[in-house]
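Enquirer: Just structure_24.pdb, nothing more (PDB, C-alpha atoms, pLDDT in the B column):
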MODEL        1
ATOM      1  CA  MET A 270     -28.363  30.184 -18.995  1.00 40.00           C
ATOM      2  CA  ALA A 271     -25.229  28.114 -19.424  1.00 43.00           C
ATOM      3  CA  ASP A 272     -23.809  30.631 -21.922  1.00 42.00           C
ATOM      4  CA  VAL A 273     -24.171  33.533 -19.497  1.00 41.00           C
ATOM      5  CA  ASP A 274     -21.352  34.341 -17.083  1.00 43.00           C
ATOM      6  CA  MET A 275     -23.406  34.783 -13.934  1.00 43.00           C
ATOM      7  CA  ALA A 276     -20.431  35.754 -11.794  1.00 42.00           C
ATOM      8  CA  ALA A 277     -19.419  38.670 -14.035  1.00 41.00           C
ATOM      9  CA  GLU A 278     -19.237  42.146 -12.571  1.00 39.00           C
ATOM     10  CA  VAL A 279     -20.251  44.896 -14.995  1.00 37.00           C
ATOM     11  CA  ASN A 280     -20.396  48.588 -14.050  1.00 37.00           C
ATOM     12  CA  GLY A 281     -20.364  47.733 -10.347  1.00 44.00           C
ATOM     13  CA  SER A 282     -23.550  45.656 -10.527  1.00 50.00           C
ATOM     14  CA  GLY A 283     -23.201  42.167  -9.130  1.00 62.00           C
ATOM     15  CA  HIS A 284     -25.966  40.740 -11.351  1.00 62.00           C
ATOM     16  CA  PRO A 285     -25.699  42.233 -14.859  1.00 62.00           C
ATOM     17  CA  TRP A 286     -27.303  39.096 -16.290  1.00 53.00           C
ATOM     18  CA  ALA A 287     -30.466  39.327 -14.173  1.00 61.00           C
ATOM     19  CA  ALA A 288     -33.727  39.891 -16.021  1.00 59.00           C
ATOM     20  CA  LYS A 289     -36.886  41.522 -14.728  1.00 60.00           C
ATOM     21  CA  SER A 290     -40.148  39.610 -14.834  1.00 59.00           C
ATOM     22  CA  VAL A 291     -43.309  41.301 -16.065  1.00 56.00           C
ATOM     23  CA  GLU A 292     -43.941  43.109 -12.786  1.00 73.00           C
ATOM     24  CA  GLY A 293     -40.802  42.908 -10.658  1.00 83.00           C
ATOM     25  CA  TRP A 294     -37.540  41.203  -9.752  1.00 87.00           C
ATOM     26  CA  ILE A 295     -37.978  37.583  -8.704  1.00 91.00           C
ATOM     27  CA  ILE A 296     -35.493  35.663  -6.624  1.00 93.00           C
ATOM     28  CA  VAL A 297     -35.539  31.915  -6.131  1.00 93.00           C
ATOM     29  CA  VAL A 298     -34.869  30.539  -2.659  1.00 96.00           C
ATOM     30  CA  THR A 299     -33.734  26.902  -2.499  1.00 96.00           C
ATOM     31  CA  GLY A 300     -32.901  24.562   0.362  1.00 96.00           C
ATOM     32  CA  LEU A 301     -35.922  25.567   2.425  1.00 96.00           C
ATOM     33  CA  ASN A 302     -36.940  23.598   5.464  1.00 95.00           C
ATOM     34  CA  GLU A 303     -40.039  21.555   4.604  1.00 93.00           C
ATOM     35  CA  GLU A 304     -41.906  23.137   7.520  1.00 93.00           C
ATOM     36  CA  ALA A 305     -41.243  26.753   6.435  1.00 95.00           C
ATOM     37  CA  THR A 306     -44.294  28.952   6.000  1.00 94.00           C
ATOM     38  CA  GLU A 307     -45.056  31.989   3.871  1.00 94.00           C
ATOM     39  CA  GLU A 308     -45.049  34.059   7.061  1.00 96.00           C
ATOM     40  CA  ASP A 309     -41.499  32.889   7.823  1.00 96.00           C
ATOM     41  CA  LEU A 310     -40.322  33.987   4.382  1.00 96.00           C
ATOM     42  CA  GLN A 311     -42.269  37.244   4.579  1.00 96.00           C
ATOM     43  CA  ASP A 312     -40.512  38.024   7.870  1.00 96.00           C
ATOM     44  CA  LEU A 313     -37.083  37.193   6.414  1.00 96.00           C
ATOM     45  CA  PHE A 314     -37.387  39.057   3.113  1.00 96.00           C
ATOM     46  CA  GLY A 315     -39.662  41.881   4.286  1.00 95.00           C
ATOM     47  CA  ASP A 316     -36.627  43.535   5.866  1.00 94.00           C
ATOM     48  CA  TYR A 317     -35.216  44.231   2.376  1.00 96.00           C
ATOM     49  CA  GLY A 318     -38.270  45.934   0.891  1.00 94.00           C
ATOM     50  CA  GLU A 319     -41.881  45.315  -0.021  1.00 92.00           C
ATOM     51  CA  VAL A 320     -42.436  41.702  -1.037  1.00 94.00           C
ATOM     52  CA  LYS A 321     -44.867  42.032  -3.955  1.00 93.00           C
ATOM     53  CA  ASN A 322     -45.503  38.321  -4.302  1.00 93.00           C
ATOM     54  CA  LEU A 323     -44.399  35.131  -2.599  1.00 95.00           C
ATOM     55  CA  SER A 324     -44.975  31.642  -3.933  1.00 94.00           C
ATOM     56  CA  MET A 325     -44.063  28.343  -2.290  1.00 94.00           C
ATOM     57  CA  ALA A 326     -44.552  24.986  -3.980  1.00 92.00           C
ATOM     58  CA  LEU A 327     -46.176  22.410  -1.706  1.00 92.00           C
ATOM     59  CA  ASN A 328     -46.064  18.637  -2.004  1.00 92.00           C
ATOM     60  CA  ARG A 329     -49.633  17.535  -2.693  1.00 93.00           C
ATOM     61  CA  ARG A 330     -49.258  14.317  -0.783  1.00 94.00           C
ATOM     62  CA  THR A 331     -47.637  15.657   2.390  1.00 92.00           C
ATOM     63  CA  GLY A 332     -48.607  19.331   2.326  1.00 91.00           C
ATOM     64  CA  TYR A 333     -45.010  20.303   3.150  1.00 93.00           C
ATOM     65  CA  VAL A 334     -42.832  22.751   1.195  1.00 93.00           C
ATOM     66  CA  MET A 335     -41.009  21.229  -1.787  1.00 94.00           C
ATOM     67  CA  GLY A 336     -37.817  23.048  -0.781  1.00 94.00           C
ATOM     68  CA  TYR A 337     -38.012  26.213  -2.860  1.00 96.00           C
ATOM     69  CA  ALA A 338     -39.908  29.478  -3.119  1.00 96.00           C
ATOM     70  CA  LEU A 339     -40.124  32.522  -5.382  1.00 94.00           C
ATOM     71  CA  VAL A 340     -39.999  35.992  -3.831  1.00 95.00           C
ATOM     72  CA  GLU A 341     -40.781  39.114  -5.901  1.00 93.00           C
ATOM     73  CA  PHE A 342     -39.523  42.627  -5.194  1.00 93.00           C
ATOM     74  CA  ALA A 343     -40.442  45.820  -7.064  1.00 90.00           C
ATOM     75  CA  GLU A 344     -36.875  47.165  -7.171  1.00 92.00           C
ATOM     76  CA  LYS A 345     -33.719  45.391  -8.343  1.00 90.00           C
ATOM     77  CA  GLU A 346     -31.677  46.953  -5.535  1.00 92.00           C
ATOM     78  CA  GLN A 347     -33.964  45.385  -2.913  1.00 94.00           C
ATOM     79  CA  ALA A 348     -33.662  41.959  -4.533  1.00 93.00           C
ATOM     80  CA  GLU A 349     -29.869  42.273  -4.855  1.00 92.00           C
ATOM     81  CA  LYS A 350     -29.523  43.208  -1.172  1.00 96.00           C
ATOM     82  CA  ALA A 351     -31.772  40.298  -0.151  1.00 96.00           C
ATOM     83  CA  ILE A 352     -29.690  37.881  -2.231  1.00 94.00           C
ATOM     84  CA  LYS A 353     -26.402  39.257  -0.902  1.00 95.00           C
ATOM     85  CA  ASP A 354     -27.492  39.044   2.729  1.00 96.00           C
ATOM     86  CA  THR A 355     -29.325  35.689   2.679  1.00 95.00           C
ATOM     87  CA  ASP A 356     -27.409  33.490   0.211  1.00 95.00           C
ATOM     88  CA  GLY A 357     -25.690  30.691   2.119  1.00 96.00           C
ATOM     89  CA  THR A 358     -27.231  31.594   5.467  1.00 96.00           C
ATOM     90  CA  THR A 359     -29.033  29.295   7.881  1.00 96.00           C
ATOM     91  CA  PHE A 360     -32.804  29.687   7.912  1.00 96.00           C
ATOM     92  CA  LEU A 361     -34.933  27.382  10.078  1.00 95.00           C
ATOM     93  CA  GLU A 362     -31.957  25.058  10.647  1.00 95.00           C
ATOM     94  CA  LYS A 363     -31.177  24.657   6.908  1.00 96.00           C
ATOM     95  CA  THR A 364     -28.742  26.474   4.643  1.00 97.00           C
ATOM     96  CA  ILE A 365     -30.595  28.363   1.932  1.00 97.00           C
ATOM     97  CA  LYS A 366     -29.374  29.579  -1.451  1.00 96.00           C
ATOM     98  CA  THR A 367     -30.819  32.674  -3.103  1.00 95.00           C
ATOM     99  CA  ASP A 368     -30.378  34.052  -6.622  1.00 91.00           C
ATOM    100  CA  PHE A 369     -32.302  35.784  -9.379  1.00 89.00           C
ATOM    101  CA  ALA A 370     -34.860  33.530 -11.046  1.00 87.00           C
ATOM    102  CA  PHE A 371     -34.564  34.949 -14.575  1.00 79.00           C
ATOM    103  CA  ALA A 372     -31.563  35.700 -16.764  1.00 73.00           C
ATOM    104  CA  LYS A 373     -31.215  37.791 -19.898  1.00 65.00           C
ATOM    105  CA  ALA A 374     -30.743  35.869 -23.128  1.00 63.00           C
ATOM    106  CA  PRO A 375     -27.126  35.788 -24.269  1.00 66.00           C
ATOM    107  CA  ALA A 376     -26.242  38.206 -27.062  1.00 66.00           C
ATOM    108  CA  GLY A 377     -26.320  36.601 -30.477  1.00 63.00           C
ATOM    109  CA  GLY A 378     -28.752  33.899 -29.422  1.00 58.00           C
ATOM    110  CA  ARG A 379     -31.146  32.185 -31.783  1.00 58.00           C
ATOM    111  CA  SER A 380     -33.794  34.421 -33.253  1.00 54.00           C
ATOM    112  CA  ARG A 381     -37.313  33.684 -34.378  1.00 57.00           C
ATOM    113  CA  ALA A 382     -38.195  32.807 -37.955  1.00 55.00           C
ATOM    114  CA  PRO A 383     -39.016  35.724 -40.281  1.00 56.00           C
ATOM    115  CA  ALA A 384     -42.673  36.753 -40.387  1.00 56.00           C
ATOM    116  CA  ASP A 385     -42.889  36.188 -44.156  1.00 55.00           C
ATOM    117  CA  GLY A 386     -42.213  32.477 -43.651  1.00 54.00           C
ATOM    118  CA  ALA A 387     -38.937  32.588 -45.590  1.00 55.00           C
ATOM    119  CA  ARG A 388     -36.368  30.089 -44.450  1.00 55.00           C
ATOM    120  CA  ARG A 389     -32.888  31.248 -43.660  1.00 55.00           C
ATOM    121  CA  GLY A 390     -30.515  28.313 -43.355  1.00 55.00           C
ATOM    122  CA  GLY A 391     -31.440  25.231 -41.423  1.00 55.00           C
ATOM    123  CA  ARG A 392     -32.196  21.754 -42.691  1.00 61.00           C
ATOM    124  CA  ASP A 393     -33.361  20.997 -46.210  1.00 64.00           C
ATOM    125  CA  ARG A 394     -36.803  19.627 -45.565  1.00 66.00           C
ATOM    126  CA  GLU A 395     -40.374  20.486 -46.352  1.00 70.00           C
ATOM    127  CA  ALA A 396     -42.351  22.728 -44.016  1.00 68.00           C
ATOM    128  CA  SER A 397     -44.884  21.137 -41.691  1.00 70.00           C
ATOM    129  CA  PRO A 398     -48.433  20.948 -43.116  1.00 74.00           C
ATOM    130  CA  SER A 399     -49.578  23.713 -40.763  1.00 72.00           C
ATOM    131  CA  ARG A 400     -46.795  26.010 -42.062  1.00 64.00           C
ATOM    132  CA  ARG A 401     -47.284  25.545 -45.825  1.00 59.00           C
TER     133      ARG A 401
ENDMDL
END
What is this file in structure tokens?
Expert:
Amino acid sequence: MADVDMAAEVNGSGHPWAAKSVEGWIIVVTGLNEEATEEDLQDLFGDYGEVKNLSMALNRRTGYVMGYALVEFAEKEQAEKAIKDTDGTTFLEKTIKTDFAFAKAPAGGRSRAPADGARRGGRDREASPSRR
């Protein structure tokens, strides 16, 4: 993600780099209060559209929230509005940050090896035993 300009504005969209997951648009929420619940997040993000999925990581030892959550929306516009309205706001006495969880690969990135097993560039060394 370091090669992607995440602040770029393209065609009026504030997140041209954002990538859709298999089923929807996932935003990551960081800086959560350790006592936040899924209901709290559902109430906060439900105002922006249907929350398809919500996942909060819990500390196994304490049972408290690890400080982040993933919230999935069906539509990109809903996720963008949620990010715009909640990023940097105070939620349960802590400032939260919100952004898209996935980014598109930069253009011209590394590609996979050819299916025929032919090598194109790279180091001069023998193939692994499993690839011979």
Enquirer: Which distance in Å separates CA of Phe369 in chain A and CA of Arg330 in chain A, to one decimal?
Expert: 28.7 Å
Enquirer: Point out the residue among A:Ala348, A:Ala372, A:Ala326, A:Ala343 with the least atom-to-atom distance to Leu301 in chain A, counting only C-alpha atoms.
Expert: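 Among A:Ala348, A:Ala372, A:Ala326, A:Ala343, it is A:Ala326 that comes nearest to Leu301 in chain A.
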Enquirer: Do you have the CA of Leu339 in chain A-CA of Gln311 in chain A distance handy?
Expert: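 Between these atoms lies a distance of 11.2 Å.
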Enquirer: Which residue, A:Gln347, A:Thr364, A:Thr355, A:Asn328, has the smallest gap to Leu313 in chain A when you use only C-alpha atoms?
Expert: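 When distances to Leu313 in chain A are compared using only C-alpha atoms, the smallest one comes from A:Thr355.
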Enquirer: Please enumerate the residues selected by the PyMOL selection byres ((chain A and resi 304) around 9) when evaluated against the supplied file, formatted as a VMD selection string.
Expert: chain A and resid 301 to 303 305 to 306 333 to 334 361
Enquirer: Report as a PyMOL selection string the full result of the PyMOL selection byres ((chain A and resi 325) around 8) when it is applied to this structure.
Expert: chain A and resi 307+323-324+326-327+334-335+337-339
Enquirer: At what distance in Å, to one decimal, does CA of Thr367 in chain A lie from CA of Ile296 in chain A?
Expert: 6.6 Å
Enquirer: I'd like the contact shell of Asp354 in chain A - 12 Å cut-off, only C-alpha atoms, skipping same-chain residues fewer than 2 positions apart - returned as an MDAnalysis selection string.
Expert: chainID A and resid 313:314 316:317 347:352 356:360 365:368
Enquirer: Restricting the calculation to only C-alpha atoms, which member of A:Arg329, A:Glu362, A:Lys353, A:Glu344 is positioned closest to Gly300 in chain A?
Expert: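 Result for the nearest residue to Gly300 in chain A: A:Glu362.
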Enquirer: Which is closer to Ile295 in chain A than all the others in A:Glu346, A:Ala370, A:Asn322, A:Ser397, using all atoms listed in the file?
Expert: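 Checking each candidate against Ile295 in chain A, we get A:Ala370 as the closest.
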